[in-house]
Amino acid sequence: MHPMTPAPYRVRSRRPDRADTVTLALRPVAGPCPPFLPGQFTMIYAPGVGEIAVSISGRARSGGYVQTIRAVGAVSGALCRTRPGDVVGVRGPYGTAWDLPSAEGLDVVVAAGGLGLAPLRPVIRELAAHGSRYGRISLIVGTRTPATLIYPGELARWRDRHGIDVQVTVDHPDLAWKGRVGLVTRLIDRIVFEPRRTFAFVCGPEVMMQASAAELVRRGVAAGRVMLSVERNMKCGVGRCGHCQLGPLLTCLDGPVLSYERAAGLLAVREL
Amino acid sequence: MNTVVTESLEPLIAELRSRGFTVVGPTTRDGAIRFAEISCSAQLPAGRGDEQRPGRYRLTERHDDLVFGFAASPDSAKRYTQPPRQPLLRMREGTVEEAEAQAPRIALLGVRACDLAAIAVQDRVFLGGRHPDPAYRKRREAMLLIAVNCAVPGGTCFCVSMGTGPKATTGFDLALTELSDPHRFLIETGSGRGAEIVTAISHRPATGDDVVAAEEVSRVAATRMGRQVDTDGIQERLAGAHDSPRWAEVASRCLACTNCTMVCPTCFCTTVEDATDFTGGVAERTEVWDSCFTLDFSEVGGSSVRGSGSARYRQWLTHKFSTWFDQFGMSGCVGCGRCITWCPTGIDVTEELGCIL
């Protein structure tokens, strides 16, 4: 089969999250869903509109992929408007995975900015399910406004039922907000971890990832133990379109998940 | 390697056509040498040459009977190995129909050594990775490559620097060297398919003199490169040149017109066009050539990673000569010089590399 040919997937369920964000469960029209690793993405095709890369946020009870999409452009908008029963095209999963095995036995810091919580969801679910394999587990989340916070119900469950230290901060509070205000990096002060025995998973806007990773490294976390998920323009997902280059890397094949050790120098070059 | 001589290309072209090949060779059109289907050797551009320098291309009269007396033309084999528009699929009523791969039996006559190297680069890109392209494979397998060893390099050629020419050494079915006094063609075979075709056409065995004359053509051509590049350590040197002030200087002359990437025989970047019929019920996707010089090439979330012209030029040049090695284990430049000739403002990669490194 041609690497650009998607398989038809049916929208099994559609859950509007907050504001402009929707979580879909997508299952192949025929046959099983290929296995995925946390951190990987698929290329989702809205027929006649276009195709975008979307990270996989988990496996649905129906057996399909859970994928959270924010309506920011024509394709993501069309995907957000799909209804259960609609058919879209899906290719993948593609890309590198969050290195969960290397985090075993260590304290774990998960830092999410905005929609960056979506690619981290399978990591957090794994940490929640097998908490005894890891040290202290902290999840810090920063978001623009209270209304753009995704998965609020799960955040509460992870805190209340799984003993994960979950902390949320917003850039712009509304009148009802009683939580913290400010950058997610400031939450690093408020969590407990032993820097030299810590593994970190960071996902969000690039400036947020750079600031968070730099702060963790400044506190003594090894750069090779801080993982980021880099976003570039992915047209193909299979290394043939050239769009997602980041210096020597083809982000779709060599990423999106990279260690900060590998990514720091590349992200530091303006307009690379 | 079996080597023979023929006085005319007429029997070769006739034999290829009788075997069902569409013979595509150099012709003159629009004031340039262009690839087109030919049915007889009289359509080849006898006595025509070219003048190439930064931002300039002119056909010239050679006043001899050479039919390959010119350098790289604006067309490369890329037009046939990776057509500019490729239908990918059609989706209707929830089903996906993959576009059937078109693989015409093309005999490409007059492929230069630099372009054979470029095809090897494309093979690596489209077949050498984790997601091989079966449509590309089908096209390549259906294609017959008849190389011509360059006798008259152009003013923007630098294949010697890139180690790709001027003599074709691998990757061809047949390789011709055009010889004068008397006018004749030395034919080397490079594949079983090539050997079969040679057996079927009238020829005589090559003499020692023929072979020496052909070697002399390539030897002299190698001394007549219009340009050169110092490739020693170029991958590392360029990777460390992000901050060169030259990027902004070259950007002041670069129009970001994408010409260099369109004529480049290795530039493989694509985008995809989407369309529907009037009802919206049938959707089609088409892969088309794209260029890293466009603003939306690096668009993420509404803005472009490489917003400035200097960043886009840096991306292109660094990819060709440095990061291509990281990604594909080989150089992305084969030294054909097309990007220099066809740059409307005459930007010369060899000059830019000299300034940056």
# chains A, B, ... in the order shown; residues from 1 in each chain; ligands from 1

$ select_by_dssp --residues "stretch 17-251 of chain A" --states "alpha helix (DSSP H)" --output "VMD selection string"
chain A and resid 74 to 80 117 to 129 152 to 162 206 to 218 251

$ residues_around --residues "B:Phe185" --least-positions-apart "6" --cutoff "12 Å" --atoms "only C-alpha atoms" --output "ChimeraX atom specification"
/B:3-10,12,66-68,147-149,174-179,203-206,210-211,213-214,217

$ write_last_selection --atoms "N, CA and C atoms" --output "PDB file, in the first residue's frame"
ATOM      1  N   THR B   3      31.324  -3.343 -24.850  1.00  0.00           N
ATOM      2  CA  THR B   3      31.347  -2.014 -25.462  1.00  0.00           C
ATOM      3  C   THR B   3      31.298  -2.132 -26.977  1.00  0.00           C
ATOM      4  N   VAL B   4      30.361  -1.409 -27.588  1.00  0.00           N
ATOM      5  CA  VAL B   4      30.191  -1.474 -29.033  1.00  0.00           C
ATOM      6  C   VAL B   4      30.107  -0.049 -29.591  1.00  0.00           C
ATOM      7  N   VAL B   5      30.134   0.019 -30.916  1.00  0.00           N
ATOM      8  CA  VAL B   5      30.045   1.323 -31.576  1.00  0.00           C
ATOM      9  C   VAL B   5      28.931   1.282 -32.611  1.00  0.00           C
ATOM     10  N   THR B   6      28.180   2.389 -32.699  1.00  0.00           N
ATOM     11  CA  THR B   6      27.171   2.512 -33.749  1.00  0.00           C
ATOM     12  C   THR B   6      27.296   3.901 -34.379  1.00  0.00           C
ATOM     13  N   GLU B   7      27.019   3.971 -35.676  1.00  0.00           N
ATOM     14  CA  GLU B   7      27.181   5.245 -36.395  1.00  0.00           C
ATOM     15  C   GLU B   7      25.988   6.169 -36.174  1.00  0.00           C
ATOM     16  N   SER B   8      24.825   5.556 -35.916  1.00  0.00           N
ATOM     17  CA  SER B   8      23.598   6.345 -35.838  1.00  0.00           C
ATOM     18  C   SER B   8      22.771   5.862 -34.654  1.00  0.00           C
ATOM     19  N   LEU B   9      21.966   6.749 -34.092  1.00  0.00           N
ATOM     20  CA  LEU B   9      21.077   6.339 -32.999  1.00  0.00           C
ATOM     21  C   LEU B   9      19.723   5.863 -33.518  1.00  0.00           C
ATOM     22  N   GLU B  10      19.543   5.944 -34.852  1.00  0.00           N
ATOM     23  CA  GLU B  10      18.258   5.575 -35.435  1.00  0.00           C
ATOM     24  C   GLU B  10      17.855   4.135 -35.084  1.00  0.00           C
ATOM     25  N   LEU B  12      18.765   2.323 -32.586  1.00  0.00           N
ATOM     26  CA  LEU B  12      18.509   2.213 -31.143  1.00  0.00           C
ATOM     27  C   LEU B  12      17.106   2.735 -30.816  1.00  0.00           C
ATOM     28  N   LEU B  66      27.295  17.317 -33.444  1.00  0.00           N
ATOM     29  CA  LEU B  66      27.026  16.669 -32.157  1.00  0.00           C
ATOM     30  C   LEU B  66      25.538  16.814 -31.794  1.00  0.00           C
ATOM     31  N   VAL B  67      24.928  15.722 -31.313  1.00  0.00           N
ATOM     32  CA  VAL B  67      23.520  15.802 -30.889  1.00  0.00           C
ATOM     33  C   VAL B  67      23.390  15.923 -29.364  1.00  0.00           C
ATOM     34  N   PHE B  68      24.515  15.770 -28.663  1.00  0.00           N
ATOM     35  CA  PHE B  68      24.491  15.932 -27.198  1.00  0.00           C
ATOM     36  C   PHE B  68      25.523  16.984 -26.768  1.00  0.00           C
ATOM     37  N   ALA B 147      22.237   6.752 -20.556  1.00  0.00           N
ATOM     38  CA  ALA B 147      23.059   7.882 -20.146  1.00  0.00           C
ATOM     39  C   ALA B 147      23.866   8.399 -21.328  1.00  0.00           C
ATOM     40  N   VAL B 148      24.284   9.652 -21.233  1.00  0.00           N
ATOM     41  CA  VAL B 148      25.241  10.224 -22.184  1.00  0.00           C
ATOM     42  C   VAL B 148      26.364  10.849 -21.363  1.00  0.00           C
ATOM     43  N   ASN B 149      27.594  10.449 -21.678  1.00  0.00           N
ATOM     44  CA  ASN B 149      28.719  11.048 -20.974  1.00  0.00           C
ATOM     45  C   ASN B 149      28.943  12.458 -21.504  1.00  0.00           C
ATOM     46  N   LEU B 174      22.166   1.712 -20.500  1.00  0.00           N
ATOM     47  CA  LEU B 174      23.165   1.933 -21.541  1.00  0.00           C
ATOM     48  C   LEU B 174      23.797   3.285 -21.287  1.00  0.00           C
ATOM     49  N   ALA B 175      25.080   3.421 -21.677  1.00  0.00           N
ATOM     50  CA  ALA B 175      25.725   4.731 -21.596  1.00  0.00           C
ATOM     51  C   ALA B 175      26.415   5.022 -22.920  1.00  0.00           C
ATOM     52  N   LEU B 176      26.108   6.197 -23.474  1.00  0.00           N
ATOM     53  CA  LEU B 176      26.679   6.588 -24.761  1.00  0.00           C
ATOM     54  C   LEU B 176      27.800   7.594 -24.549  1.00  0.00           C
ATOM     55  N   THR B 177      28.831   7.500 -25.396  1.00  0.00           N
ATOM     56  CA  THR B 177      29.783   8.603 -25.523  1.00  0.00           C
ATOM     57  C   THR B 177      29.783   8.994 -26.988  1.00  0.00           C
ATOM     58  N   GLU B 178      29.510  10.268 -27.230  1.00  0.00           N
ATOM     59  CA  GLU B 178      29.435  10.749 -28.607  1.00  0.00           C
ATOM     60  C   GLU B 178      30.843  11.131 -29.073  1.00  0.00           C
ATOM     61  N   LEU B 179      31.263  10.559 -30.216  1.00  0.00           N
ATOM     62  CA  LEU B 179      32.619  10.778 -30.723  1.00  0.00           C
ATOM     63  C   LEU B 179      32.555  11.436 -32.104  1.00  0.00           C
ATOM     64  N   HIS B 203      25.636  -3.002 -34.986  1.00  0.00           N
ATOM     65  CA  HIS B 203      26.774  -2.366 -34.327  1.00  0.00           C
ATOM     66  C   HIS B 203      28.050  -3.098 -34.721  1.00  0.00           C
ATOM     67  N   ARG B 204      29.175  -2.511 -34.381  1.00  0.00           N
ATOM     68  CA  ARG B 204      30.450  -3.223 -34.494  1.00  0.00           C
ATOM     69  C   ARG B 204      31.133  -3.165 -33.136  1.00  0.00           C
ATOM     70  N   PRO B 205      32.022  -4.102 -32.851  1.00  0.00           N
ATOM     71  CA  PRO B 205      32.736  -4.047 -31.577  1.00  0.00           C
ATOM     72  C   PRO B 205      33.592  -2.771 -31.503  1.00  0.00           C
ATOM     73  N   ALA B 206      33.746  -2.234 -30.323  1.00  0.00           N
ATOM     74  CA  ALA B 206      34.586  -1.051 -30.160  1.00  0.00           C
ATOM     75  C   ALA B 206      36.043  -1.435 -30.321  1.00  0.00           C
ATOM     76  N   ASP B 210      38.524   3.604 -30.343  1.00  0.00           N
ATOM     77  CA  ASP B 210      37.219   4.111 -29.899  1.00  0.00           C
ATOM     78  C   ASP B 210      37.220   4.335 -28.392  1.00  0.00           C
ATOM     79  N   VAL B 211      37.740   3.348 -27.678  1.00  0.00           N
ATOM     80  CA  VAL B 211      37.716   3.408 -26.208  1.00  0.00           C
ATOM     81  C   VAL B 211      38.598   4.553 -25.716  1.00  0.00           C
ATOM     82  N   ALA B 213      39.364   7.248 -27.372  1.00  0.00           N
ATOM     83  CA  ALA B 213      38.711   8.513 -27.734  1.00  0.00           C
ATOM     84  C   ALA B 213      37.611   8.853 -26.733  1.00  0.00           C
ATOM     85  N   ALA B 214      36.850   7.833 -26.301  1.00  0.00           N
ATOM     86  CA  ALA B 214      35.766   8.069 -25.332  1.00  0.00           C
ATOM     87  C   ALA B 214      36.334   8.485 -23.985  1.00  0.00           C
ATOM     88  N   VAL B 217      37.216  12.085 -24.086  1.00  0.00           N
ATOM     89  CA  VAL B 217      36.055  12.977 -23.972  1.00  0.00           C
ATOM     90  C   VAL B 217      35.759  13.265 -22.495  1.00  0.00           C
TER      91      VAL B 217
END

$ atom_distance --atom1 "atom CA of A:Val230" --atom2 "atom CA of B:Pro132"
24.5 Å

$ residues_around --residues "A:Val22" --least-positions-apart "5" --cutoff "8 Å" --atoms "only C-alpha atoms" --output "list in words"
Arg14, Arg15, Pro16, Asp17, Thr68, Ile69, Arg70 and Cys80 of chain A

$ write_last_selection --atoms "C-alpha atoms" --output "short mmCIF file (atom, residue, chain, number, x, y, z; two decimals), in the first residue's frame"
data_model
loop_
_atom_site.label_atom_id
_atom_site.label_comp_id
_atom_site.auth_asym_id
_atom_site.auth_seq_id
_atom_site.Cartn_x
_atom_site.Cartn_y
_atom_site.Cartn_z
CA ARG A 14 -17.45 12.77 20.02
CA ARG A 15 -17.06 14.61 23.30
CA PRO A 16 -16.80 18.40 23.24
CA ASP A 17 -14.22 19.27 25.89
CA THR A 68 -8.20 15.41 21.09
CA ILE A 69 -8.38 18.15 18.47
CA ARG A 70 -8.57 21.93 18.82
CA CYS A 80 -14.05 18.95 15.25
#

$ residues_around --residues "B:Val288" --least-positions-apart "5" --cutoff "8 Å" --atoms "only C-alpha atoms" --output "list in words"
Pro84, Arg85, Gln86, Thr270, Thr271, Val272 and Glu273 of chain B

$ residues_around --residues "B:Arg219" --least-positions-apart "4" --cutoff "10 Å" --atoms "only C-alpha atoms" --output "PyMOL selection string"
chain B and resi 151+166-167+213-215+223-224

$ write_last_selection --atoms "N, CA and C atoms" --output "compact mmCIF listing (two decimals), in the first residue's frame"
# COMPACT_ATOMS: atom_id res chain seq x y z
N ALA B 151 30.27 15.77 -22.86
CA ALA B 151 31.45 16.20 -23.61
C ALA B 151 31.69 17.69 -23.41
N PRO B 166 32.17 13.73 -14.76
CA PRO B 166 31.20 13.81 -15.85
C PRO B 166 30.89 12.46 -16.52
N LYS B 167 31.62 11.40 -16.13
CA LYS B 167 31.37 10.11 -16.77
C LYS B 167 30.40 9.29 -15.93
N ALA B 213 39.36 7.25 -27.37
CA ALA B 213 38.71 8.51 -27.73
C ALA B 213 37.61 8.85 -26.73
N ALA B 214 36.85 7.83 -26.30
CA ALA B 214 35.77 8.07 -25.33
C ALA B 214 36.33 8.48 -23.98
N GLU B 215 37.41 7.83 -23.58
CA GLU B 215 38.05 8.21 -22.31
C GLU B 215 38.53 9.65 -22.36
N THR B 223 38.00 18.56 -16.97
CA THR B 223 38.86 19.74 -16.77
C THR B 223 38.13 21.03 -17.12
N ARG B 224 36.88 20.93 -17.59
CA ARG B 224 36.19 22.12 -18.07
C ARG B 224 34.95 22.46 -17.23

$ interface_residues --of "chain A" --to "chain B" --cutoff "9 Å" --atoms "only C-alpha atoms" --output "PyMOL selection string"
chain A and resi 1-10+29+47-51+72-73+86-89+231-236+238-245+247-250+253+269-272

$ write_last_selection --atoms "N, CA and C atoms" --output "compact mmCIF listing (two decimals), in the first residue's frame"
# COMPACT_ATOMS: atom_id res chain seq x y z
N MET A 1 0.84 -1.20 0.00
CA MET A 1 0.00 0.00 0.00
C MET A 1 0.88 1.25 0.00
N HIS A 2 0.40 2.28 -0.67
CA HIS A 2 1.14 3.55 -0.72
C HIS A 2 1.15 4.18 0.68
N PRO A 3 2.31 4.72 1.09
CA PRO A 3 2.38 5.27 2.46
C PRO A 3 1.44 6.45 2.69
N MET A 4 0.92 7.04 1.61
CA MET A 4 0.00 8.18 1.79
C MET A 4 -1.47 7.76 1.78
N THR A 5 -1.74 6.46 1.71
CA THR A 5 -3.13 6.00 1.65
C THR A 5 -3.67 5.72 3.04
N PRO A 6 -4.70 6.44 3.47
CA PRO A 6 -5.27 6.21 4.79
C PRO A 6 -6.25 5.04 4.78
N ALA A 7 -6.55 4.55 5.97
CA ALA A 7 -7.63 3.57 6.12
C ALA A 7 -8.86 4.34 6.60
N PRO A 8 -10.05 3.92 6.16
CA PRO A 8 -11.26 4.59 6.65
C PRO A 8 -11.52 4.24 8.12
N TYR A 9 -11.74 5.26 8.93
CA TYR A 9 -12.05 5.11 10.35
C TYR A 9 -13.39 5.78 10.61
N ARG A 10 -14.18 5.17 11.48
CA ARG A 10 -15.47 5.76 11.81
C ARG A 10 -15.37 6.50 13.14
N VAL A 29 -13.08 1.18 10.11
CA VAL A 29 -14.33 0.66 9.59
C VAL A 29 -14.24 -0.86 9.51
N PRO A 47 -12.12 14.29 4.71
CA PRO A 47 -12.28 14.14 3.26
C PRO A 47 -12.56 15.47 2.56
N GLY A 48 -11.74 15.76 1.56
CA GLY A 48 -11.91 16.96 0.76
C GLY A 48 -11.32 18.21 1.38
N VAL A 49 -10.94 18.15 2.63
CA VAL A 49 -10.43 19.34 3.31
C VAL A 49 -8.92 19.26 3.49
N GLY A 50 -8.44 18.14 4.06
CA GLY A 50 -7.00 18.00 4.24
C GLY A 50 -6.68 17.07 5.40
N GLU A 51 -5.39 16.98 5.70
CA GLU A 51 -4.89 16.00 6.65
C GLU A 51 -3.99 16.69 7.66
N VAL A 72 -8.34 24.97 15.10
CA VAL A 72 -7.54 26.17 14.85
C VAL A 72 -7.44 26.48 13.36
N GLY A 73 -7.67 25.50 12.49
CA GLY A 73 -7.57 25.73 11.05
C GLY A 73 -8.69 25.00 10.33
N ASP A 86 -19.67 9.42 11.15
CA ASP A 86 -18.90 9.96 10.01
C ASP A 86 -17.63 9.12 9.80
N VAL A 87 -17.15 9.13 8.56
CA VAL A 87 -15.92 8.40 8.24
C VAL A 87 -14.83 9.39 7.86
N VAL A 88 -13.67 9.22 8.46
CA VAL A 88 -12.48 10.01 8.12
C VAL A 88 -11.37 9.03 7.72
N GLY A 89 -10.26 9.55 7.22
CA GLY A 89 -9.11 8.70 6.89
C GLY A 89 -8.06 8.79 7.99
N GLU A 231 6.66 20.13 17.78
CA GLU A 231 5.65 20.28 16.72
C GLU A 231 6.24 21.01 15.53
N ARG A 232 6.15 20.39 14.37
CA ARG A 232 6.51 21.04 13.11
C ARG A 232 5.42 20.72 12.10
N ASN A 233 5.49 21.36 10.92
CA ASN A 233 4.48 21.15 9.89
C ASN A 233 4.64 19.75 9.31
N MET A 234 3.72 18.86 9.66
CA MET A 234 3.80 17.49 9.13
C MET A 234 2.74 17.30 8.06
N LYS A 235 3.20 17.09 6.84
CA LYS A 235 2.27 16.87 5.73
C LYS A 235 2.10 15.38 5.46
N CYS A 236 3.16 14.58 5.74
CA CYS A 236 3.11 13.18 5.31
C CYS A 236 3.25 12.21 6.48
N VAL A 238 5.70 10.39 7.09
CA VAL A 238 6.53 9.22 6.74
C VAL A 238 7.86 9.61 6.09
N GLY A 239 8.27 10.87 6.27
CA GLY A 239 9.61 11.27 5.82
C GLY A 239 9.75 11.50 4.33
N ARG A 240 8.66 11.84 3.63
CA ARG A 240 8.78 12.02 2.19
C ARG A 240 8.41 13.43 1.71
N CYS A 241 7.86 14.27 2.59
CA CYS A 241 7.40 15.58 2.11
C CYS A 241 8.36 16.70 2.48
N GLY A 242 9.23 16.49 3.45
CA GLY A 242 10.26 17.47 3.78
C GLY A 242 9.84 18.61 4.69
N HIS A 243 8.55 18.74 4.95
CA HIS A 243 8.07 19.93 5.66
C HIS A 243 8.51 20.02 7.11
N CYS A 244 8.66 18.89 7.80
CA CYS A 244 8.83 18.93 9.25
C CYS A 244 10.28 18.93 9.69
N GLN A 245 11.19 19.31 8.76
CA GLN A 245 12.60 19.27 9.13
C GLN A 245 12.91 20.21 10.28
N GLY A 247 16.52 21.08 11.41
CA GLY A 247 17.94 20.82 11.18
C GLY A 247 18.11 19.43 10.60
N PRO A 248 18.93 18.58 11.24
CA PRO A 248 19.18 17.25 10.69
C PRO A 248 18.00 16.28 10.86
N LEU A 249 17.00 16.67 11.64
CA LEU A 249 15.92 15.74 11.96
C LEU A 249 14.73 15.88 11.02
N LEU A 250 14.12 14.74 10.71
CA LEU A 250 12.78 14.74 10.14
C LEU A 250 11.88 14.45 11.34
N LEU A 253 9.81 11.26 11.69
CA LEU A 253 10.48 9.97 11.88
C LEU A 253 11.35 9.97 13.14
N VAL A 269 18.32 27.55 17.87
CA VAL A 269 18.62 28.28 16.63
C VAL A 269 17.33 28.91 16.11
N ARG A 270 17.33 30.21 15.98
CA ARG A 270 16.10 30.90 15.51
C ARG A 270 15.73 30.48 14.11
N GLU A 271 14.47 30.20 13.89
CA GLU A 271 13.91 29.89 12.56
C GLU A 271 14.57 28.68 11.90
N LEU A 272 15.07 27.73 12.71
CA LEU A 272 15.66 26.53 12.11
C LEU A 272 14.52 25.69 11.52

$ residues_around --residues "stretch 111-116 of chain A" --least-positions-apart "6" --cutoff "6 Å" --atoms "only C-alpha atoms" --output "list in words"
Leu139, Ile140, Val141, Gly142, Thr143, Val202, Cys203 and Gly204 of chain A

$ write_last_selection --atoms "C-alpha atoms" --output "PDB file, in the first residue's frame"
ATOM      1  CA  LEU A 139       1.631  16.560  37.056  1.00  0.00           C
ATOM      2  CA  ILE A 140       1.819  20.304  36.496  1.00  0.00           C
ATOM      3  CA  VAL A 141      -0.527  21.892  33.984  1.00  0.00           C
ATOM      4  CA  GLY A 142      -0.596  25.418  32.640  1.00  0.00           C
ATOM      5  CA  THR A 143      -3.378  26.729  30.451  1.00  0.00           C
ATOM      6  CA  VAL A 202       7.107  17.918  28.862  1.00  0.00           C
ATOM      7  CA  CYS A 203       4.607  18.917  26.186  1.00  0.00           C
ATOM      8  CA  GLY A 204       3.131  22.249  25.206  1.00  0.00           C
TER       9      GLY A 204
END

$ atom_distance --atom1 "atom CA of A:Leu228" --atom2 "atom CA of A:His172"
24.8 Å

$ select_by_dssp --residues "stretch 49-262 of chain A" --states "strand (DSSP E)" --output "ChimeraX atom specification"
/A:50-55,58-59,65-70,87-94,107-113,137-143,165-170,180-181,198-203,226-229,245-246,249-250,257-259

$ atom_distance --atom1 "atom CA of A:Asp254" --atom2 "atom CA of A:Arg196"
26.6 Å

$ closest_residue --among "B:Leu145, B:Gln228, B:Thr169, B:Ile106" --to "B:Gly194" --atoms "only C-alpha atoms"
B:Leu145
